[in-house]
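J.: Quick one: structure below, then a few questions.
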Number of protein chains: 2
Amino acid sequence: MAMASLRVTLRNLGSTRRSLQTRIFPSAVRSIATSLSPPSRAVVYEQHGPPDQVTRVIELAPVEIKENDVCVKMLASPINPSDINRIEGVYPVRPPVPAIGGYEGVGEVHALGSAVSNLAVGDWVIPSPPSSGLWQTYVVKEQSVWHKINKDVPMEYAATITVNPLTAMLMLEDFVKLNSGDTIVQNGATSIVGQCIIQLAKVHGIKSINIIRDRVGSEEVKEKLKRLGANEVYTESQLEVKNVKNLLGDLPEPALGFNCIGGNAASLVLRFLRQRGTMVTYGGMSKKPITVSTSSFIFKDLALRGFWLQKWMSTERANECRPMIDYLLSLVQSGKLKYEMELAPFHDFSLALDKALGKLGSHPKQVIKF
Amino acid sequence: MAMASLRVTLRNLGSTRRSLQTRIFPSAVRSIATSLSPPSRAVVYEQHGPPDQVTRVIELAPVEIKENDVCVKMLASPINPSDINRIEGVYPVRPPVPAIGGYEGVGEVHALGSAVSNLAVGDWVIPSPPSSGLWQTYVVKEQSVWHKINKDVPMEYAATITVNPLTAMLMLEDFVKLNSGDTIVQNGATSIVGQCIIQLAKVHGIKSINIIRDRVGSEEVKEKLKRLGANEVYTESQLEVKNVKNLLGDLPEPALGFNCIGGNAASLVLRFLRQRGTMVTYGGMSKKPITVSTSSFIFKDLALRGFWLQKWMSTERANECRPMIDYLLSLVQSGKLKYEMELAPFHDFSLALDKALGKLGSHPKQVIKF
């Protein structure tokens with residue numbers, strides 16, 4: 001799409017996105033600007049719909065760097081499923097269109113507003129809590145948005161440390177008080193959150209029972225998860241037994257379970273849980289609902305809850321997220337937290353997007369490298 | 001069944017029910033007895049199965065009243081669904097067979113063990129927490145089992161004040177902190193627990209939205225529930241609308257819901273709940289499971305829990321139940337808590353049981369009058 005037609009559309013939509021408008025109509029601010037960002041190449045969408053149809057990479061004009069602003073040259077930003085849902089318009093909270101994609105990532109400080117003293121050019125920073133509009137080469141946001149991190153981890157980990165690993169950490173901490181030696185159970189164990197749960201549990205002496213879908217190569221997947229620290233890994237079909245608890249062996253019955261699949265995979269988590277256990281749902285990859293027997297609630301006294309990081313980030317606890325991020329990055333640095341990603345050059349964005357959309361078979365998480 | 005065959009069966013089963021065995025083999029204890037109860041007519045079952053097939057009314061021999069025992073002449077005891085499930089053998093916690101039916105009721109003190117000083121002959125008492133084996137004319141249990149109550153309520157209320165009204169009270173108190181002006185939503189609103197919830201909510205200034213099944217005479221049912229204090233009553237079919245919240249009018253969105261039905265009726269409760277609301281399941285009359293969307297957990301942040309009075313009674317909080325019972329009886333006495341029951345003479349027990357089993361159409365709760 002040419003710039004001209006985008007401008008017309010934006011004008012017609014009466015956009016409220018100040019920063020994006022500012023960049024498209026730079027003449028309005030140029031007269032009062034004291035310092036300007038470089039032009040920025042950005043992944044923009046003006047309406048909701050299939051991401052491979054509604055997104056375009058365009059160049060945005062320089063914007064003013066105000067006294068409390070920081071201009072960050074983006075290094076890397078992932079394509080998360082929630083980014084896709086925001087573009088599709090099916091996510092409950094999303095920026096108004098037209099918008100720039102992306103919600104987490106890492107960048108290097110490029111220029112500082114005159115009143116910013118706690119950061120220096122060259123520092124690595126992430127928006128924390130996460131913040132929208134990161135799929136572009138230069139991002140200008142207020143200094144309070146940015147959290148300086150150590151440079152001793154690969155940029156793709158810095159870019160992805162919040163949405164998945166922090167979710168795993170908060171779900172392990174916020175629902176049930178676990179002690180060393182306790183057990184958790186989860187489905188979708190091969191997801192990045194699932195892999196983080198295995199590794200974070202292990203760091204705290206907590207055992208994990210992991211459920212994966214039946215697939216070609218499931219033995220290799222099991223071995224991989226066990227190398228990460230999984231105590232047990234079962235395919236769904238292996239759990240078609242009368243009493244899954246007979247499989248526990250020496251492991252205590254789990255007090256906490258995680259579900260990101262729904263349907264039968266959620267029921268399997270429930271079957272493993274002990275009396276008074278809690279299952280936390282954070283995803284629904286099968287698109288099937290969760291079905292629970294009455295007796296699970298009355299006689300087994302199970303509790304079913306949900307977790308959504310974006311909601312958590314809107315609570316007063318959000319200011320606890322920076323030390324947690326630092327802790328998670330320290331685990332990455334010491335080799336205790338790892339997961340597979342694929343770095344994709346920004347000029348190949350549409351290929352990376354197709355991979356993230358599953359159009360080209362199975363691929364690791366796509367992380368755009370700017 | 002003749003006594004002779006029952007004795008043989010009991011011997012063969014090696015029963016551990018001391019009190020029942022004692023009564024069937026009285027010669028073993030007669031020599032050490034200092035004081036004896038009268039003989040007792042009791043509803044006994046030696047094996048689990050359909051209650052109308054496995055229960056028999058037989059006369060049990062007198063038993064010793066030990067120094068800390070109280071012999072109570074039973075006045076009234078209800079046939080609750082859980083009593084039926086215990087006899088059927090499908091209840092998770094139940095007395096070993098052979099057993100005497102009944103789990104709550106009221107009686108009059110008939111005789112005291114030599115060390116009992118806190119009760120007098122003629123006092124009304126209920127077992128609190130509830131206790132099994134009450135469907136008989138004379139019950140002997142330790143003094144600590146019995147809670148003295150005022151005689152100023154009808155015996156059928158004293159007999160039924162624990163299993164249903166206390167459940168309603170605890171569910172209103174234990175899950176969500178409600179304030180005057182808040183709203184709750186429930187299905188199965190015509191059940192006794194449902195009617196108690198309406199009335200207890202009203203006493204505390206809490207509004208109730210009530211869901212009933214479609215039936216002939218639903219307008220009369222609605223009027224009856226509104227006279228008890230229900231703010232809104234809907235049949236399930238009335239709620240086949242796009243957004244049930246449009247029906248709320250001035251009522252705040254409910255933070256707490258109760259489900260005793262399952263299936264669609266449970267989904268309707270979930271639809272009414274506000275963000276972060278809690279649904280408590282305490283029954284499953286439709287025998288259908290509860291089905292919940294993934295987004296209800298993640299984006300709406302609903303919590304699903306269960307309540308079981310018998311479990312609550314096994315916790316340390318059980319010693320709070322006596323003041324709660326007194327409070328509930330005071331509400332009965334002042335006309336603020338009422339529900340329909342039918343007193344059935346003990347000699348018509350099998351007719352009352354058939355009514356309780358639903359074999360004779362719809363009847364109010366059956367309360368045996370001894």
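Naming works like this for the structure tokens: A, B, ... for the chains as they're shown, residue 1 at the start of each chain, ligands 1 onward in shown order.
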Which chain B residues have any atom within 6 Å of an atom of chain A, and for each, what is the nearest pair of atoms with distance in Å to one decimal, counting only C-alpha atoms, rows sorted by chain and number, as a Markdown table?

T.:
```
| residue | atom | partner | partner_atom | distance |
| --- | --- | --- | --- | --- |
| B:Tyr282 | CA | A:Ile298 | CA | 5.8 |
| B:Gly284 | CA | A:Thr294 | CA | 5.7 |
| B:Pro289 | CA | A:Ser293 | CA | 4.5 |
| B:Ile290 | CA | A:Val292 | CA | 5.2 |
| B:Thr291 | CA | A:Thr291 | CA | 4.3 |
| B:Val292 | CA | A:Ile290 | CA | 5.2 |
| B:Ser293 | CA | A:Pro289 | CA | 4.6 |
| B:Thr294 | CA | A:Gly284 | CA | 5.7 |
| B:Phe297 | CA | A:Gly306 | CA | 4.2 |
| B:Ile298 | CA | A:Gly306 | CA | 4.7 |
| B:Asp301 | CA | A:Gly306 | CA | 5.5 |
| B:Ala303 | CA | A:Arg305 | CA | 4.8 |
| B:Leu304 | CA | A:Leu304 | CA | 4.9 |
| B:Arg305 | CA | A:Ala303 | CA | 4.7 |
| B:Gly306 | CA | A:Phe297 | CA | 4.2 |
| B:Phe307 | CA | A:Ile298 | CA | 5.2 |
| B:Trp308 | CA | A:Ile298 | CA | 5.3 |
```

J.: At a cut-off of 12 Å, using only C-alpha atoms, what residues contact Tyr327 in chain A? Leave out same-chain residues fewer than 2 positions from it and give the result as a ChimeraX atom specification.

T.: /A:149-150,158,161-162,165-166,169,200,203,320-325,329-334,336-337

J.: Out of range 208-354 of chain B, which residues get alpha helix (DSSP H) from DSSP, as JSON, numbers by chain?

T.: {"B": [218, 219, 220, 221, 222, 223, 224, 225, 226, 227, 228, 263, 264, 265, 266, 267, 268, 269, 270, 271, 272, 294, 295, 296, 297, 298, 309, 310, 311, 312, 321, 322, 323, 324, 325, 326, 327, 328, 329, 330, 331, 332, 333, 349, 350, 351, 352, 353, 354]}

J.: Could you write those residues out with C-alpha atoms, as a PDB file, in the first residue's frame?

T.:
```pdb
ATOM      1  CA  SER B 218     -43.640 -21.240  36.276  1.00  0.00           C
ATOM      2  CA  GLU B 219     -45.420 -17.908  36.879  1.00  0.00           C
ATOM      3  CA  GLU B 220     -46.706 -19.168  40.234  1.00  0.00           C
ATOM      4  CA  VAL B 221     -43.208 -20.396  41.111  1.00  0.00           C
ATOM      5  CA  LYS B 222     -41.784 -16.979  40.247  1.00  0.00           C
ATOM      6  CA  GLU B 223     -44.350 -15.266  42.452  1.00  0.00           C
ATOM      7  CA  LYS B 224     -43.586 -17.621  45.306  1.00  0.00           C
ATOM      8  CA  LEU B 225     -39.838 -16.985  45.085  1.00  0.00           C
ATOM      9  CA  LYS B 226     -40.420 -13.223  44.851  1.00  0.00           C
ATOM     10  CA  ARG B 227     -42.502 -13.371  48.011  1.00  0.00           C
ATOM     11  CA  LEU B 228     -39.450 -14.965  49.687  1.00  0.00           C
ATOM     12  CA  GLY B 263     -25.210 -28.318  31.919  1.00  0.00           C
ATOM     13  CA  ASN B 264     -26.862 -25.281  30.354  1.00  0.00           C
ATOM     14  CA  ALA B 265     -28.178 -24.047  33.702  1.00  0.00           C
ATOM     15  CA  ALA B 266     -24.592 -23.737  34.928  1.00  0.00           C
ATOM     16  CA  SER B 267     -23.570 -21.869  31.769  1.00  0.00           C
ATOM     17  CA  LEU B 268     -26.374 -19.372  32.409  1.00  0.00           C
ATOM     18  CA  VAL B 269     -24.977 -18.626  35.869  1.00  0.00           C
ATOM     19  CA  LEU B 270     -21.528 -18.079  34.309  1.00  0.00           C
ATOM     20  CA  ARG B 271     -22.960 -15.687  31.745  1.00  0.00           C
ATOM     21  CA  PHE B 272     -24.443 -13.483  34.465  1.00  0.00           C
ATOM     22  CA  THR B 294     -11.259 -20.858  27.760  1.00  0.00           C
ATOM     23  CA  SER B 295     -11.916 -17.122  27.537  1.00  0.00           C
ATOM     24  CA  SER B 296     -14.123 -17.264  30.659  1.00  0.00           C
ATOM     25  CA  PHE B 297     -11.001 -18.199  32.584  1.00  0.00           C
ATOM     26  CA  ILE B 298      -8.407 -16.071  30.800  1.00  0.00           C
ATOM     27  CA  LEU B 309     -20.924 -29.475  53.800  1.00  0.00           C
ATOM     28  CA  GLN B 310     -19.636 -32.857  54.948  1.00  0.00           C
ATOM     29  CA  LYS B 311     -16.107 -31.820  54.003  1.00  0.00           C
ATOM     30  CA  TRP B 312     -16.526 -28.478  55.759  1.00  0.00           C
ATOM     31  CA  CYS B 321     -21.451 -24.505  63.225  1.00  0.00           C
ATOM     32  CA  ARG B 322     -23.415 -24.374  66.496  1.00  0.00           C
ATOM     33  CA  PRO B 323     -23.706 -20.575  66.724  1.00  0.00           C
ATOM     34  CA  MET B 324     -24.589 -20.568  63.022  1.00  0.00           C
ATOM     35  CA  ILE B 325     -27.342 -23.123  63.640  1.00  0.00           C
ATOM     36  CA  ASP B 326     -28.678 -20.986  66.505  1.00  0.00           C
ATOM     37  CA  TYR B 327     -28.690 -17.955  64.214  1.00  0.00           C
ATOM     38  CA  LEU B 328     -30.522 -19.842  61.470  1.00  0.00           C
ATOM     39  CA  LEU B 329     -33.122 -21.117  63.948  1.00  0.00           C
ATOM     40  CA  SER B 330     -33.634 -17.552  65.188  1.00  0.00           C
ATOM     41  CA  LEU B 331     -34.409 -16.541  61.601  1.00  0.00           C
ATOM     42  CA  VAL B 332     -36.939 -19.377  61.399  1.00  0.00           C
ATOM     43  CA  GLN B 333     -38.464 -18.243  64.689  1.00  0.00           C
ATOM     44  CA  PHE B 349     -41.664 -44.611  56.143  1.00  0.00           C
ATOM     45  CA  SER B 350     -41.760 -46.599  52.912  1.00  0.00           C
ATOM     46  CA  LEU B 351     -44.364 -44.211  51.446  1.00  0.00           C
ATOM     47  CA  ALA B 352     -42.245 -41.214  52.446  1.00  0.00           C
ATOM     48  CA  LEU B 353     -39.198 -42.894  50.919  1.00  0.00           C
ATOM     49  CA  ASP B 354     -41.072 -43.486  47.648  1.00  0.00           C
TER      50      ASP B 354
END
```

J.: Set the distance at 9 Å and use only C-alpha atoms: which residues neighbour Met341 in chain B once local chain neighbours fewer than 5 positions away are removed? I'd like the list as a PDB file with N, CA, C and O atoms, in the first residue's frame.

T.:
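File part_31.pdb, as written:
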```pdb
ATOM      1  N   GLU B 156     -39.912 -29.754  62.463  1.00  0.00           N
ATOM      2  CA  GLU B 156     -39.390 -30.077  61.127  1.00  0.00           C
ATOM      3  C   GLU B 156     -38.288 -29.097  60.698  1.00  0.00           C
ATOM      4  O   GLU B 156     -37.403 -29.443  59.915  1.00  0.00           O
ATOM      5  N   TYR B 157     -38.333 -27.875  61.217  1.00  0.00           N
ATOM      6  CA  TYR B 157     -37.227 -26.940  60.945  1.00  0.00           C
ATOM      7  C   TYR B 157     -35.981 -27.310  61.749  1.00  0.00           C
ATOM      8  O   TYR B 157     -34.861 -27.309  61.237  1.00  0.00           O
ATOM      9  N   HIS B 363     -43.081 -33.956  45.293  1.00  0.00           N
ATOM     10  CA  HIS B 363     -43.542 -33.736  46.673  1.00  0.00           C
ATOM     11  C   HIS B 363     -42.547 -32.860  47.405  1.00  0.00           C
ATOM     12  O   HIS B 363     -41.367 -32.839  47.065  1.00  0.00           O
ATOM     13  N   PRO B 364     -43.001 -32.158  48.444  1.00  0.00           N
ATOM     14  CA  PRO B 364     -42.038 -31.409  49.255  1.00  0.00           C
ATOM     15  C   PRO B 364     -41.087 -32.377  49.961  1.00  0.00           C
ATOM     16  O   PRO B 364     -41.318 -33.590  49.969  1.00  0.00           O
ATOM     17  N   LYS B 365     -40.043 -31.800  50.556  1.00  0.00           N
ATOM     18  CA  LYS B 365     -39.099 -32.631  51.305  1.00  0.00           C
ATOM     19  C   LYS B 365     -39.842 -33.440  52.366  1.00  0.00           C
ATOM     20  O   LYS B 365     -40.678 -32.929  53.098  1.00  0.00           O
ATOM     21  N   GLN B 366     -39.531 -34.725  52.440  1.00  0.00           N
ATOM     22  CA  GLN B 366     -40.162 -35.608  53.404  1.00  0.00           C
ATOM     23  C   GLN B 366     -39.380 -35.574  54.718  1.00  0.00           C
ATOM     24  O   GLN B 366     -38.167 -35.781  54.739  1.00  0.00           O
ATOM     25  N   VAL B 367     -40.106 -35.301  55.796  1.00  0.00           N
ATOM     26  CA  VAL B 367     -39.489 -35.310  57.128  1.00  0.00           C
ATOM     27  C   VAL B 367     -40.213 -36.365  57.964  1.00  0.00           C
ATOM     28  O   VAL B 367     -41.432 -36.279  58.175  1.00  0.00           O
TER      29      VAL B 367
END
```

J.: Using only C-alpha atoms, which of the listed residues (A:Leu75, A:Val106, A:Pro51, A:Ser114) sits closest to Lys359 in chain A?

T.: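 With only C-alpha atoms as the atom set, the closest residue is A:Pro51.
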
J.: For a quick check of understanding, using only C-alpha atoms, which of B:Ser117, B:Asn319, B:Gln136, B:Gln195 has the smallest distance to Leu60 in chain B?

T.: B:Gln136

J.: Could you tell me how far CA of Leu134 in chain A sits from CA of Ala111 in chain A, in Å to one decimal place?

T.: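 Here the two named atoms are 16.5 Å from each other.
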
J.: Please, what distance in Å, to one decimal, runs between CA of Ser35 in chain A and CA of Pro96 in chain A?

T.: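 About the pair CA of Ser35 in chain A and CA of Pro96 in chain A: they are 27.1 Å apart.
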
J.: Got a sec: who's within 10 Å of Asp182 in chain A, counting only C-alpha atoms, leaving out chain neighbours fewer than 3 positions off, as JSON, numbers by chain?

T.: {"A": [177, 178, 179, 201, 204, 205, 206, 207, 208, 251, 252, 253, 254, 255, 256]}

J.: Just give me the gap between CA of Ile212 in chain A and CA of Ala189 in chain A in Å, one decimal is fine.

T.: 5.9 Å
